[in-house]
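Student: Got a structure for you, written out below as structure tokens; questions coming shortly.
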Amino acid sequence: SNTLLKVSGLRKSFSIPDGMFGKKKLLKAVHDVSFLIPEGKTFSLVGESGCGKSTTGRLISRLIAPSEGEIWIDGEEISQRKESQLKAMRKKVQMIFQDPYASLNPRMKVRDIVGEPLAIHTKLSKAERNKQVSEILEVVGLSEYHAHRYAHEFSGGQRQRIGIARALIMKPKLIIADEPVSALDVSIQSQILNLLKDLQAEFQLTYLFISHDLSVVEHISDHIGVMYLGTIVESGPKEEIFSNPQHPYTKALLSSIPIPDPRLRRERIILQGDLPSPVNPPTGCRFHTRCPVAMDICKVMEPPVKKGPTADHFVACHLIES
Ligand code: SF4
Ligand code: MG
């Protein structure tokens, strides 16, 4: 199938204040990230908060511009385009955020929230916009009843449905969902994840799914990329990542997922220390300060990305034989 999204060598540094006297320092949030998503598939970026996964999503949606690297969306390279050249891309790519309440304007009625992208990007009449809003609300399991009320009148799960309707109304090809279920109760989480899966099948949507929680992405992902301090340390088909993880960080993340069947329980790997600052990332392998199996070479040499045990499986770790 077609490659809908391809990013290669993506980097982003932010200049941030360094103490008093107006000095600045560089925060290296994203450091050489590459991956692709075939049309209609889901790629999940997983890692602790601060690992650069949200920044990667914001770069791809061009809310911010990358320092380096390429972003190909539906055959077009958009990494350095100016805002005036991003119109077509802005229709094709929509975002869903973690806290729908924060991202939905409390003074706007649901109908206007959902219809706003049409008001911005099209010349449709208000009557035509409202008609499309009614249709898309039905698609996400809401109704006319919701259209005439305010977002704050609804539960977290219903608000996320409103956020999804707003994202869908432009008929996008790519949806970037940044922690879309992290603020919801577990039972509501699975409803929203199932809705996203159904919508993907119905509209051939491609998803970049961002989460700190591997167990959340298990059912929705085709491929998974595990991020640590701005880099993807391991990526591969979902089944491979879950059943045959290679990178010590992936193994640690998986070991913290509760598994009901005690025979399948993994030994819990507790990582030492805190996530280092992306202002001064460790030399060599960025994970070496917390890796339970670090070697001398890991402190001085950045591990190259190597092929894992199966096709499509990649690992950046000195322990992997090439
Ligand atoms: Fe651990 Fe070294 Fe592999 Fe990094 S390269 S994950 S420090 S073994
Ligand atoms: Mg984030």
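To be explicit about the labels: the chains of the structure tokens are called A, B, and onward in the order shown, and within each one the residues are counted from 1, while ligands get numbers from 1 in the order they are shown.
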Env of Ile64 (chain A): 10 Å cut, atoms = only C-alpha atoms, seq-sep filter 4 positions within chain, self excluded. Answer as a list in words.

Tutor: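 Using only C-alpha atoms, the neighbours found are Lys12, Thr55, Thr56, Gly57, Arg58, Leu59, Ile60, Ser79 and Gln80 of chain A.
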
Student: Atoms to include: N, CA and C atoms. Write the selected residues as a PDB file, in the first residue's frame.

Tutor:
ATOM      1  N   LYS A  12      14.660  18.478  16.340  1.00  0.00           N
ATOM      2  CA  LYS A  12      14.144  19.758  16.815  1.00  0.00           C
ATOM      3  C   LYS A  12      14.836  20.148  18.112  1.00  0.00           C
ATOM      4  N   THR A  55       6.395  16.372  20.756  1.00  0.00           N
ATOM      5  CA  THR A  55       7.082  17.307  19.857  1.00  0.00           C
ATOM      6  C   THR A  55       7.116  16.734  18.442  1.00  0.00           C
ATOM      7  N   THR A  56       7.353  15.422  18.330  1.00  0.00           N
ATOM      8  CA  THR A  56       7.331  14.782  17.008  1.00  0.00           C
ATOM      9  C   THR A  56       5.967  14.965  16.343  1.00  0.00           C
ATOM     10  N   GLY A  57       4.892  14.770  17.111  1.00  0.00           N
ATOM     11  CA  GLY A  57       3.545  14.971  16.565  1.00  0.00           C
ATOM     12  C   GLY A  57       3.316  16.410  16.133  1.00  0.00           C
ATOM     13  N   ARG A  58       3.805  17.355  16.928  1.00  0.00           N
ATOM     14  CA  ARG A  58       3.624  18.773  16.593  1.00  0.00           C
ATOM     15  C   ARG A  58       4.451  19.182  15.377  1.00  0.00           C
ATOM     16  N   LEU A  59       5.597  18.521  15.189  1.00  0.00           N
ATOM     17  CA  LEU A  59       6.407  18.782  13.993  1.00  0.00           C
ATOM     18  C   LEU A  59       5.692  18.280  12.743  1.00  0.00           C
ATOM     19  N   ILE A  60       5.152  17.063  12.823  1.00  0.00           N
ATOM     20  CA  ILE A  60       4.514  16.465  11.653  1.00  0.00           C
ATOM     21  C   ILE A  60       3.270  17.254  11.268  1.00  0.00           C
ATOM     22  N   SER A  79       8.324  19.932   5.331  1.00  0.00           N
ATOM     23  CA  SER A  79       9.041  20.282   6.567  1.00  0.00           C
ATOM     24  C   SER A  79       9.344  21.779   6.703  1.00  0.00           C
ATOM     25  N   GLN A  80       9.655  22.435   5.592  1.00  0.00           N
ATOM     26  CA  GLN A  80      10.043  23.856   5.702  1.00  0.00           C
ATOM     27  C   GLN A  80       9.040  24.797   5.053  1.00  0.00           C
TER      28      GLN A  80
END

Student: Hey, which residues sit close to ligand 1? Say within 7 Å, counting only C-alpha atoms and all ligand atoms, and write them as an MDAnalysis selection string.

Tutor: chainID A and resid 247:249 285:288 291:295 298 303 316:319

Student: Could you list, as a list in words, all protein and nucleic acid residues with an atom at most 9 Å from ligand 2, counting only C-alpha atoms and all ligand atoms?

Tutor: Glu48, Ser49, Gly50, Cys51, Gly52, Lys53, Ser54, Thr55, Gln98, Asp178, Glu179, Ile210, Ser211 and His212 of chain A

Student: For the selection you just gave me, I'd like the residues written to a file as a PDB file, in the first residue's frame, keeping C-alpha atoms.

Tutor:
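Contents of the output file again18.pdb:
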ATOM      1  CA  GLU A  48       7.861   8.467  29.090  1.00  0.00           C
ATOM      2  CA  SER A  49       6.759  12.080  29.249  1.00  0.00           C
ATOM      3  CA  GLY A  50       9.535  14.318  27.994  1.00  0.00           C
ATOM      4  CA  CYS A  51      10.855  11.779  25.471  1.00  0.00           C
ATOM      5  CA  GLY A  52       9.928  13.956  22.485  1.00  0.00           C
ATOM      6  CA  LYS A  53       6.864  12.080  21.230  1.00  0.00           C
ATOM      7  CA  SER A  54       4.490  15.055  21.476  1.00  0.00           C
ATOM      8  CA  THR A  55       7.082  17.307  19.857  1.00  0.00           C
ATOM      9  CA  GLN A  98      -5.422  14.431  25.534  1.00  0.00           C
ATOM     10  CA  ASP A 178      -1.681  12.715  21.306  1.00  0.00           C
ATOM     11  CA  GLU A 179      -2.676  10.762  24.449  1.00  0.00           C
ATOM     12  CA  ILE A 210       1.079   8.995  20.845  1.00  0.00           C
ATOM     13  CA  SER A 211       0.983   7.481  24.329  1.00  0.00           C
ATOM     14  CA  HIS A 212       3.080   6.975  27.446  1.00  0.00           C
TER      15      HIS A 212
END

Student: Here is a test: counting only C-alpha atoms, which residue of A:Ala183, A:Val114, A:Arg129, A:Thr122 is nearest to Ala165 (chain A)?

Tutor: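 Answer, going by the shortest atom-to-atom distance: A:Val114.
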
Student: Using only C-alpha atoms, find the one residue out of A:Tyr150, A:Pro180, A:Asn194, A:Leu229 that sits nearest to Leu27 (chain A).

Tutor: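 Using only C-alpha atoms, Leu27 (chain A) sits closest to A:Leu229.
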
Student: Write out as a VMD selection string all residues of region 158-262 of chain A that DSSP puts in alpha helix (DSSP H) for this structure's backbone.

Tutor: chain A and resid 158 to 168 186 to 203 214 to 217 238 to 243 248 to 255

Student: For the selection you just gave me, I'd like the residues written to a file as a short mmCIF file (atom, residue, chain, number, x, y, z; two decimals), in the first residue's frame, keeping N, CA and C atoms.

Tutor:
data_model
loop_
_atom_site.label_atom_id
_atom_site.label_comp_id
_atom_site.auth_asym_id
_atom_site.auth_seq_id
_atom_site.Cartn_x
_atom_site.Cartn_y
_atom_site.Cartn_z
N GLN A 158 -17.64 11.71 26.11
CA GLN A 158 -18.44 12.42 25.10
C GLN A 158 -17.66 13.60 24.53
N ARG A 159 -16.89 14.28 25.42
CA ARG A 159 -16.09 15.41 24.93
C ARG A 159 -15.04 14.91 23.94
N GLN A 160 -14.46 13.72 24.20
CA GLN A 160 -13.48 13.22 23.25
C GLN A 160 -14.16 12.87 21.93
N ARG A 161 -15.41 12.39 21.98
CA ARG A 161 -16.14 12.15 20.72
C ARG A 161 -16.33 13.47 19.95
N ILE A 162 -16.56 14.55 20.69
CA ILE A 162 -16.69 15.87 20.04
C ILE A 162 -15.37 16.25 19.36
N GLY A 163 -14.26 16.01 20.09
CA GLY A 163 -12.94 16.30 19.52
C GLY A 163 -12.66 15.48 18.27
N ILE A 164 -13.10 14.23 18.29
CA ILE A 164 -12.90 13.36 17.13
C ILE A 164 -13.76 13.83 15.96
N ALA A 165 -15.00 14.24 16.25
CA ALA A 165 -15.89 14.74 15.19
C ALA A 165 -15.27 15.97 14.54
N ARG A 166 -14.72 16.86 15.37
CA ARG A 166 -14.08 18.06 14.84
C ARG A 166 -12.89 17.71 13.94
N ALA A 167 -12.12 16.68 14.36
CA ALA A 167 -10.97 16.25 13.55
C ALA A 167 -11.43 15.62 12.24
N LEU A 168 -12.56 14.91 12.28
CA LEU A 168 -13.01 14.17 11.10
C LEU A 168 -13.70 15.03 10.05
N VAL A 186 -10.85 3.71 32.47
CA VAL A 186 -10.45 2.57 31.64
C VAL A 186 -11.58 2.07 30.74
N SER A 187 -12.81 2.00 31.27
CA SER A 187 -13.92 1.48 30.45
C SER A 187 -14.22 2.43 29.29
N ILE A 188 -14.12 3.73 29.55
CA ILE A 188 -14.35 4.73 28.50
C ILE A 188 -13.20 4.69 27.49
N GLN A 189 -11.97 4.46 27.99
CA GLN A 189 -10.81 4.35 27.11
C GLN A 189 -11.08 3.34 26.00
N SER A 190 -11.58 2.15 26.39
CA SER A 190 -11.75 1.13 25.36
C SER A 190 -12.86 1.50 24.39
N GLN A 191 -13.90 2.20 24.86
CA GLN A 191 -14.94 2.67 23.92
C GLN A 191 -14.35 3.61 22.87
N ILE A 192 -13.52 4.54 23.34
CA ILE A 192 -12.94 5.51 22.40
C ILE A 192 -11.95 4.83 21.45
N LEU A 193 -11.16 3.90 21.99
CA LEU A 193 -10.20 3.18 21.13
C LEU A 193 -10.95 2.36 20.07
N ASN A 194 -12.06 1.73 20.48
CA ASN A 194 -12.86 0.97 19.51
C ASN A 194 -13.46 1.89 18.45
N LEU A 195 -13.92 3.06 18.90
CA LEU A 195 -14.48 4.03 17.95
C LEU A 195 -13.40 4.43 16.93
N LEU A 196 -12.18 4.71 17.43
CA LEU A 196 -11.11 5.11 16.52
C LEU A 196 -10.81 4.00 15.51
N LYS A 197 -10.83 2.75 15.99
CA LYS A 197 -10.59 1.61 15.08
C LYS A 197 -11.68 1.51 14.01
N ASP A 198 -12.94 1.66 14.44
CA ASP A 198 -14.04 1.58 13.48
C ASP A 198 -13.95 2.70 12.45
N LEU A 199 -13.63 3.91 12.92
CA LEU A 199 -13.53 5.05 12.00
C LEU A 199 -12.40 4.84 11.00
N GLN A 200 -11.31 4.25 11.48
CA GLN A 200 -10.18 3.98 10.59
C GLN A 200 -10.60 3.07 9.45
N ALA A 201 -11.35 2.01 9.79
CA ALA A 201 -11.79 1.07 8.76
C ALA A 201 -12.77 1.75 7.81
N GLU A 202 -13.68 2.56 8.36
CA GLU A 202 -14.70 3.19 7.53
C GLU A 202 -14.12 4.24 6.58
N PHE A 203 -13.15 5.02 7.07
CA PHE A 203 -12.65 6.14 6.27
C PHE A 203 -11.20 5.98 5.81
N LEU A 214 2.15 1.60 26.98
CA LEU A 214 2.17 0.53 25.97
C LEU A 214 0.87 -0.26 25.96
N SER A 215 0.24 -0.43 27.14
CA SER A 215 -0.97 -1.26 27.16
C SER A 215 -2.12 -0.58 26.41
N VAL A 216 -2.11 0.76 26.38
CA VAL A 216 -3.16 1.48 25.65
C VAL A 216 -3.02 1.28 24.14
N VAL A 217 -1.77 1.24 23.65
CA VAL A 217 -1.58 1.17 22.20
C VAL A 217 -1.63 -0.26 21.67
N LYS A 238 3.66 -4.54 15.94
CA LYS A 238 3.17 -4.62 17.31
C LYS A 238 3.45 -5.97 17.97
N GLU A 239 3.15 -7.06 17.25
CA GLU A 239 3.32 -8.40 17.83
C GLU A 239 4.77 -8.63 18.23
N GLU A 240 5.69 -8.16 17.37
CA GLU A 240 7.12 -8.33 17.64
C GLU A 240 7.55 -7.56 18.88
N ILE A 241 7.05 -6.33 18.99
CA ILE A 241 7.45 -5.50 20.13
C ILE A 241 6.95 -6.14 21.43
N PHE A 242 5.74 -6.68 21.39
CA PHE A 242 5.19 -7.26 22.61
C PHE A 242 5.76 -8.65 22.92
N SER A 243 5.98 -9.47 21.89
CA SER A 243 6.39 -10.84 22.18
C SER A 243 7.89 -11.04 22.12
N PRO A 248 16.71 -3.00 25.87
CA PRO A 248 16.50 -3.04 27.33
C PRO A 248 15.43 -2.06 27.82
N TYR A 249 15.28 -0.92 27.14
CA TYR A 249 14.25 0.03 27.58
C TYR A 249 12.85 -0.50 27.26
N THR A 250 12.68 -1.08 26.08
CA THR A 250 11.38 -1.68 25.73
C THR A 250 11.04 -2.78 26.73
N LYS A 251 12.05 -3.60 27.07
CA LYS A 251 11.80 -4.68 28.02
C LYS A 251 11.35 -4.13 29.37
N ALA A 252 11.96 -3.03 29.79
CA ALA A 252 11.58 -2.43 31.07
C ALA A 252 10.14 -1.89 31.02
N LEU A 253 9.80 -1.20 29.91
CA LEU A 253 8.43 -0.68 29.78
C LEU A 253 7.41 -1.81 29.80
N LEU A 254 7.70 -2.89 29.08
CA LEU A 254 6.76 -4.02 29.03
C LEU A 254 6.62 -4.69 30.38
N SER A 255 7.72 -4.73 31.13
CA SER A 255 7.69 -5.44 32.41
C SER A 255 6.79 -4.74 33.42
#
